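J.: What follows is protein_30.txt, made up of compact mmCIF, C-alpha atoms:
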# COMPACT_ATOMS: atom_id res chain seq x y z
CA MET A 1 18.27 7.06 18.36
CA GLU A 2 14.49 7.37 18.11
CA LEU A 3 13.11 7.14 14.60
CA THR A 4 11.41 10.30 13.44
CA PHE A 5 10.00 8.89 10.19
CA PRO A 6 10.79 11.85 7.93
CA ILE A 7 9.08 12.29 4.57
CA VAL A 8 10.98 10.71 1.69
CA GLU A 9 12.91 13.12 -0.54
CA PRO A 10 14.30 11.09 -3.48
CA GLU A 11 17.26 12.25 -5.51
CA ALA A 12 16.78 13.24 -9.15
CA ALA A 13 18.21 9.94 -10.41
CA ALA A 14 15.65 7.96 -8.38
CA LEU A 15 12.78 10.13 -9.62
CA GLU A 16 13.88 9.53 -13.20
CA LYS A 17 14.15 5.80 -12.59
CA GLY A 18 10.60 5.85 -11.24
CA ARG A 19 9.34 7.82 -14.22
CA LEU A 20 10.89 5.34 -16.63
CA LEU A 21 9.54 2.30 -14.78
CA PHE A 22 5.97 3.57 -14.85
CA ALA A 23 6.25 4.81 -18.41
CA GLY A 24 6.12 1.14 -19.40
CA GLU A 25 3.04 -1.03 -19.75
CA THR A 26 0.95 -1.80 -16.69
CA ASP A 27 -1.63 -4.56 -17.01
CA PHE A 28 -3.99 -6.55 -14.83
CA VAL A 29 -2.81 -10.16 -14.48
CA LYS A 30 -5.36 -11.90 -12.27
CA GLY A 31 -7.35 -11.84 -9.06
CA VAL A 32 -6.30 -14.55 -6.61
CA VAL A 33 -8.41 -16.17 -3.88
CA ALA A 34 -5.99 -18.97 -2.87
CA MET A 35 -2.23 -19.43 -2.73
CA ASP A 36 -2.24 -22.04 -5.49
CA GLY A 37 -3.54 -19.37 -7.85
CA MET A 38 -0.61 -17.02 -7.35
CA PRO A 39 1.44 -16.07 -10.41
CA PRO A 40 5.14 -17.10 -10.40
CA ASP A 41 7.25 -15.05 -7.99
CA ASP A 42 9.76 -14.22 -10.70
CA ARG A 43 10.05 -10.45 -10.31
CA ILE A 44 10.21 -7.70 -7.70
CA GLU A 45 6.87 -7.35 -5.94
CA VAL A 46 5.28 -4.65 -3.79
CA CYS A 47 1.85 -4.74 -2.20
CA PHE A 48 -0.62 -2.09 -1.10
CA ALA A 49 -2.73 -2.48 2.03
CA GLY A 50 -5.25 -0.11 3.54
CA ARG A 51 -8.62 0.32 5.17
CA SER A 52 -11.63 0.41 2.92
CA ASN A 53 -12.13 3.91 1.48
CA VAL A 54 -8.53 4.97 2.20
CA GLY A 55 -8.06 5.75 -1.49
CA LYS A 56 -6.03 2.69 -2.46
CA SER A 57 -7.53 2.20 -5.92
CA SER A 58 -7.19 5.90 -6.70
CA LEU A 59 -3.53 5.86 -5.68
CA ILE A 60 -2.72 2.79 -7.79
CA ASN A 61 -4.47 4.41 -10.75
CA ALA A 62 -2.52 7.65 -10.23
CA LEU A 63 0.71 5.72 -9.84
CA THR A 64 0.25 3.86 -13.11
CA GLY A 65 -1.43 6.66 -15.05
CA ARG A 66 -4.36 4.35 -15.77
CA LYS A 67 -7.69 5.79 -14.64
CA ALA A 68 -9.52 2.47 -14.29
CA LEU A 69 -6.74 -0.05 -13.72
CA ALA A 70 -7.73 -0.65 -10.09
CA ARG A 71 -11.46 -0.49 -9.61
CA ALA A 72 -12.85 1.23 -6.54
CA SER A 73 -15.90 -0.45 -5.05
CA ASN A 74 -18.86 1.47 -3.67
CA THR A 75 -19.22 -1.23 -1.04
CA PRO A 76 -16.28 -1.30 1.40
CA GLY A 77 -14.71 -4.74 1.63
CA ARG A 78 -16.57 -6.08 -1.38
CA THR A 79 -13.43 -7.04 -3.30
CA GLN A 80 -11.97 -10.12 -1.62
CA GLU A 81 -9.22 -10.99 -4.07
CA ILE A 82 -5.52 -10.26 -4.16
CA ASN A 83 -5.14 -8.46 -7.47
CA PHE A 84 -1.86 -8.66 -9.39
CA PHE A 85 -0.72 -6.09 -11.96
CA THR A 86 2.46 -6.15 -14.02
CA CYS A 87 4.60 -3.02 -14.10
CA ALA A 88 6.91 -3.04 -17.11
CA GLU A 89 8.56 -6.48 -17.24
CA SER A 90 10.27 -6.23 -13.89
CA HIS A 91 7.64 -5.66 -11.17
CA TYR A 92 4.33 -6.81 -9.78
CA LEU A 93 2.03 -4.32 -8.08
CA VAL A 94 -0.28 -6.20 -5.71
CA ASP A 95 -3.56 -4.76 -4.48
CA LEU A 96 -4.67 -6.39 -1.23
CA PRO A 97 -8.35 -6.35 -0.23
CA GLY A 98 -9.45 -3.39 1.87
CA TYR A 99 -9.75 -4.21 5.56
CA GLY A 100 -11.86 -2.84 8.39
CA TYR A 101 -15.13 -3.66 6.68
CA ALA A 102 -17.90 -4.05 9.22
CA LYS A 103 -20.50 -5.52 6.87
CA ALA A 104 -18.51 -8.50 5.63
CA PRO A 105 -19.51 -11.92 7.06
CA ILE A 106 -17.18 -13.31 9.73
CA LYS A 107 -16.30 -16.34 7.59
CA THR A 108 -15.33 -14.04 4.72
CA VAL A 109 -13.08 -12.00 6.99
CA GLU A 110 -11.46 -15.15 8.40
CA LYS A 111 -10.84 -16.51 4.89
CA TRP A 112 -9.22 -13.23 3.84
CA GLN A 113 -7.05 -13.18 6.97
CA ARG A 114 -5.78 -16.70 6.25
CA LEU A 115 -5.01 -15.79 2.65
CA LEU A 116 -3.25 -12.59 3.72
CA LYS A 117 -1.13 -14.47 6.27
CA ALA A 118 -0.17 -17.07 3.66
CA TYR A 119 0.60 -14.42 1.06
CA LEU A 120 2.82 -12.32 3.33
CA SER A 121 4.72 -15.39 4.50
CA GLY A 122 5.01 -17.10 1.14
CA ARG A 123 6.20 -14.60 -1.46
CA ALA A 124 9.98 -14.65 -1.69
CA THR A 125 10.14 -11.64 -4.00
CA LEU A 126 7.89 -9.36 -1.91
CA ARG A 127 10.16 -6.40 -1.22
CA ARG A 128 7.86 -4.02 0.61
CA ALA A 129 4.30 -3.47 1.74
CA PHE A 130 2.87 0.02 1.50
CA VAL A 131 0.36 0.64 4.29
CA LEU A 132 -1.98 3.45 3.31
CA ILE A 133 -3.19 5.78 6.06
CA ASP A 134 -5.89 8.42 5.54
CA SER A 135 -4.45 11.87 6.34
CA ARG A 136 -7.79 12.90 7.82
CA HIS A 137 -7.95 10.10 10.38
CA GLY A 138 -4.48 8.77 11.18
CA VAL A 139 -3.78 5.23 12.38
CA LYS A 140 -6.83 3.23 13.48
CA SER A 141 -6.89 -0.08 15.37
CA VAL A 142 -7.39 -2.05 12.15
CA ASP A 143 -4.27 -0.40 10.73
CA GLU A 144 -2.31 -1.54 13.76
CA GLU A 145 -3.57 -5.08 13.19
CA ILE A 146 -2.12 -5.18 9.66
CA MET A 147 1.12 -3.63 10.92
CA ALA A 148 1.36 -6.34 13.59
CA ARG A 149 0.79 -8.98 10.91
CA LEU A 150 3.60 -7.48 8.84
CA ASP A 151 5.86 -7.51 11.91
CA LYS A 152 5.16 -11.23 12.42
CA SER A 153 5.75 -11.96 8.74
CA ALA A 154 9.00 -9.96 8.76
CA VAL A 155 7.78 -7.92 5.78
CA THR A 156 9.09 -4.35 5.74
CA PHE A 157 6.25 -1.87 5.43
CA GLN A 158 6.26 1.82 4.59
CA VAL A 159 3.45 4.18 5.51
CA VAL A 160 1.89 6.16 2.67
CA MET A 161 -0.39 8.99 3.75
CA THR A 162 -3.32 9.44 1.35
CA LYS A 163 -5.73 12.32 0.71
CA ALA A 164 -3.24 14.87 2.05
CA ASP A 165 -5.06 17.63 0.18
CA LYS A 166 -8.17 17.07 2.30
CA VAL A 167 -6.69 18.50 5.52
CA LYS A 168 -5.13 21.82 6.46
CA ASP A 169 -1.42 21.98 7.21
CA ALA A 170 -1.81 22.37 10.98
CA GLU A 171 -4.23 19.46 11.25
CA ARG A 172 -2.05 17.32 8.99
CA GLU A 173 0.93 17.85 11.31
CA LYS A 174 -1.12 16.63 14.29
CA ILE A 175 -2.17 13.54 12.39
CA MET A 176 1.39 12.91 11.22
CA ALA A 177 2.61 13.08 14.83
CA GLN A 178 0.02 10.47 15.81
CA VAL A 179 1.04 8.24 12.90
CA ARG A 180 4.73 8.52 13.76
CA SER A 181 4.09 7.56 17.39
CA LYS A 182 2.10 4.51 16.31
CA ILE A 183 4.45 3.14 13.67
CA ALA A 184 7.48 3.63 15.94
CA GLN A 185 6.13 0.65 17.89
CA HIS A 186 6.52 -1.69 14.91
CA PRO A 187 9.91 -3.25 14.10
CA ALA A 188 8.95 -3.87 10.45
CA ALA A 189 8.24 -0.19 9.79
CA TYR A 190 10.51 1.47 7.24
CA PRO A 191 11.95 4.69 8.71
CA GLU A 192 10.59 7.09 6.09
CA MET A 193 7.04 8.08 5.12
CA ILE A 194 5.43 9.14 1.86
CA VAL A 195 2.70 11.80 1.66
CA THR A 196 0.33 11.68 -1.30
CA SER A 197 -2.80 13.06 -2.88
CA SER A 198 -4.13 11.11 -5.85
CA GLU A 199 -6.39 14.01 -6.77
CA LYS A 200 -3.59 16.59 -6.79
CA GLY A 201 -0.79 14.24 -7.84
CA TRP A 202 1.23 14.98 -4.71
CA GLY A 203 3.87 12.41 -3.89
CA VAL A 204 3.07 10.11 -6.81
CA ASP A 205 6.51 10.61 -8.33
CA VAL A 206 8.08 9.92 -4.92
CA LEU A 207 6.25 6.62 -4.59
CA ARG A 208 7.28 5.66 -8.12
CA ALA A 209 10.90 6.43 -7.24
CA VAL A 210 10.77 4.33 -4.07
CA ILE A 211 9.35 1.34 -5.95
CA ALA A 212 11.83 1.69 -8.81
CA THR A 213 14.85 1.71 -6.51
CA LEU A 214 13.94 -1.40 -4.50
CA VAL A 215 16.30 -4.30 -5.13
Could you write out this file's structure as structure tokens?
T.:
Amino acid sequence: MELTFPIVEPEAAALEKGRLLFAGETDFVKGVVAMDGMPPDDRIEVCFAGRSNVGKSSLINALTGRKALARASNTPGRTQEINFFTCAESHYLVDLPGYGYAKAPIKTVEKWQRLLKAYLSGRATLRRAFVLIDSRHGVKSVDEEIMARLDKSAVTFQVVMTKADKVKDAEREKIMAQVRSKIAQHPAAYPEMIVTSSEKGWGVDVLRAVIATLV
């Protein structure tokens, strides 16, 4: 049966579990530029990947209820570290550098790609990658590159649509159809999507619930 990638609709118990998880402390641990600097993989871990300016920092801040936990850069691709945050005492939230940055030097991009490959292949407790897709633009070629990398690393990824409030319903449905057709080509894609707006708070509780119920 062909996957249709419906939008996640968590049960009340999952939503409450998500609320409780993110009611705890969330703190920045460290920024990592090499595998030997990684914190111990002693808890459930999820990572967030997305093109520069997709709204990744805003979503992490909305998710944690901390306005400045993840810092957005005015220069796309400027942050070249893997940033680790604790969530309660049971989870790591991992912010991967934004990709698709045209102004970054080739050597910088290559270094980041090597680190990303090593990270995705070397974290035993990484349960899921959330690939953020801008609701205004859909899947771009650079998004497909990260999805292909996740396929090769056998890391399950789930698409999270961002900035859903920025498009009208009819246009959003067209974009969603494009996204579904693209991610259907990737074996590592999780068969449900999440739709969010950091500005409006849409879908934030859903994403919390998904993270909280990973085992």
J.: My list of candidates is A:Gly138, A:Ser153, A:Lys117, A:Ala212. Which is closest to A:Glu173 when distances are computed with all atoms listed in the file?
T.: A:Gly138
J.: Can you list, as a PyMOL selection string, every protein, DNA or RNA residue that comes within 9 Å of A:Glu192 when you count only C-alpha atoms, leaving out same-chain residues fewer than 6 positions away?
T.: chain A and resi 3-8+158-159
J.: Residues within 6 Å of stretch 206-209 of chain A, please, as a PyMOL selection string. Count all atoms listed in the file; anything in the same chain fewer than 3 positions from it doesn't count.
T.: chain A and resi 14-15+18+203+212
J.: Pick the closest to A:Ser52 from A:Val142, A:Val167, A:Ala188, A:Ala148: which is it, counting only C-alpha atoms?
T.: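 Among the listed residues, A:Val142 lies closest to A:Ser52.
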J.: In terms of the shortest atom-to-atom distance over only C-alpha atoms, which of A:Val179, A:Leu120, A:Val195, A:Ala68 is closest to A:Met35?
T.: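 That would be A:Leu120, the residue with the smallest distance to A:Met35.
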J.: At what distance in Å, to one decimal, does atom CA of A:Gly122 lie from atom CA of A:Lys140?
T.: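 About the pair atom CA of A:Lys140 and atom CA of A:Gly122: they are 26.6 Å apart.
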J.: Looking at A:Ser121, A:Gln80, A:Asn53, A:Ser181, which one is nearest to A:Ala154, with distances taken over all atoms listed in the file?
T.: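 That would be A:Ser121, the residue with the smallest distance to A:Ala154.
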J.: Mind listing whatever residues come within 12 Å of the point (-4.7, -1.2, 12.0)? Use all atoms listed in the file, file coordinates, and give them as a ChimeraX atom specification.
T.: /A:49-52,98-101,131-134,137-150,159,179,182-183,186
J.: Do you have the atom CA of A:Ile82-atom CA of A:Asn61 distance handy?
T.: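 Calculated distance between atom CA of A:Ile82 and atom CA of A:Asn61 is 16.1 Å.
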J.: How many Å separate atom CA of A:Lys30 from atom CA of A:Arg128?
T.: 20.1 Å
J.: Write out as a ChimeraX atom specification each polymer residue whose atoms come within 7 Å of A:Ala129, counting all atoms listed in the file; drop sequence neighbours fewer than 2 positions from it.
T.: /A:46-48,131,155-158
J.: Choose the residue, out of A:Arg136, A:Lys200, A:His91, A:Lys152, that has the smallest atom-to-atom separation from A:Lys174; count all atoms listed in the file.
T.: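 When distances to A:Lys174 are compared using all atoms listed in the file, the smallest one comes from A:Arg136.
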J.: Can you tell me, as AutoDock Vina command-line options, the centre and edge lengths (Å, one decimal) of the axis-aligned box enclosing all of stretch 160-164 of chain A's listed atoms after padding each side by 4 Å?
T.:
--center_x -1.9 --center_y 10.5 --center_z 2.2 --size_x 15.6 --size_y 16.7 --size_z 11.0
J.: Taking 4 positions as the minimum chain separation for residues in the same chain, which residues sit within 12 Å of A:Phe28 when counting all atoms listed in the file? Answer as a list in words.
T.: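 The residues that qualify are Val32, Pro39, Ile60, Asn61, Thr64, Arg66, Ala68, Leu69, Ala70, Arg71, Ile82, Asn83, Phe84, Phe85, Thr86, Cys87, Ala88, Tyr92, Leu93, Val94 and Asp95 of chain A.
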J.: Looking at A:Glu89, A:Asp151, A:Glu16, A:Glu81, which one is nearest to A:Gln113, with distances taken over all atoms listed in the file?
T.: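 Counting all atoms listed in the file, the residue closest to A:Gln113 is A:Glu81.
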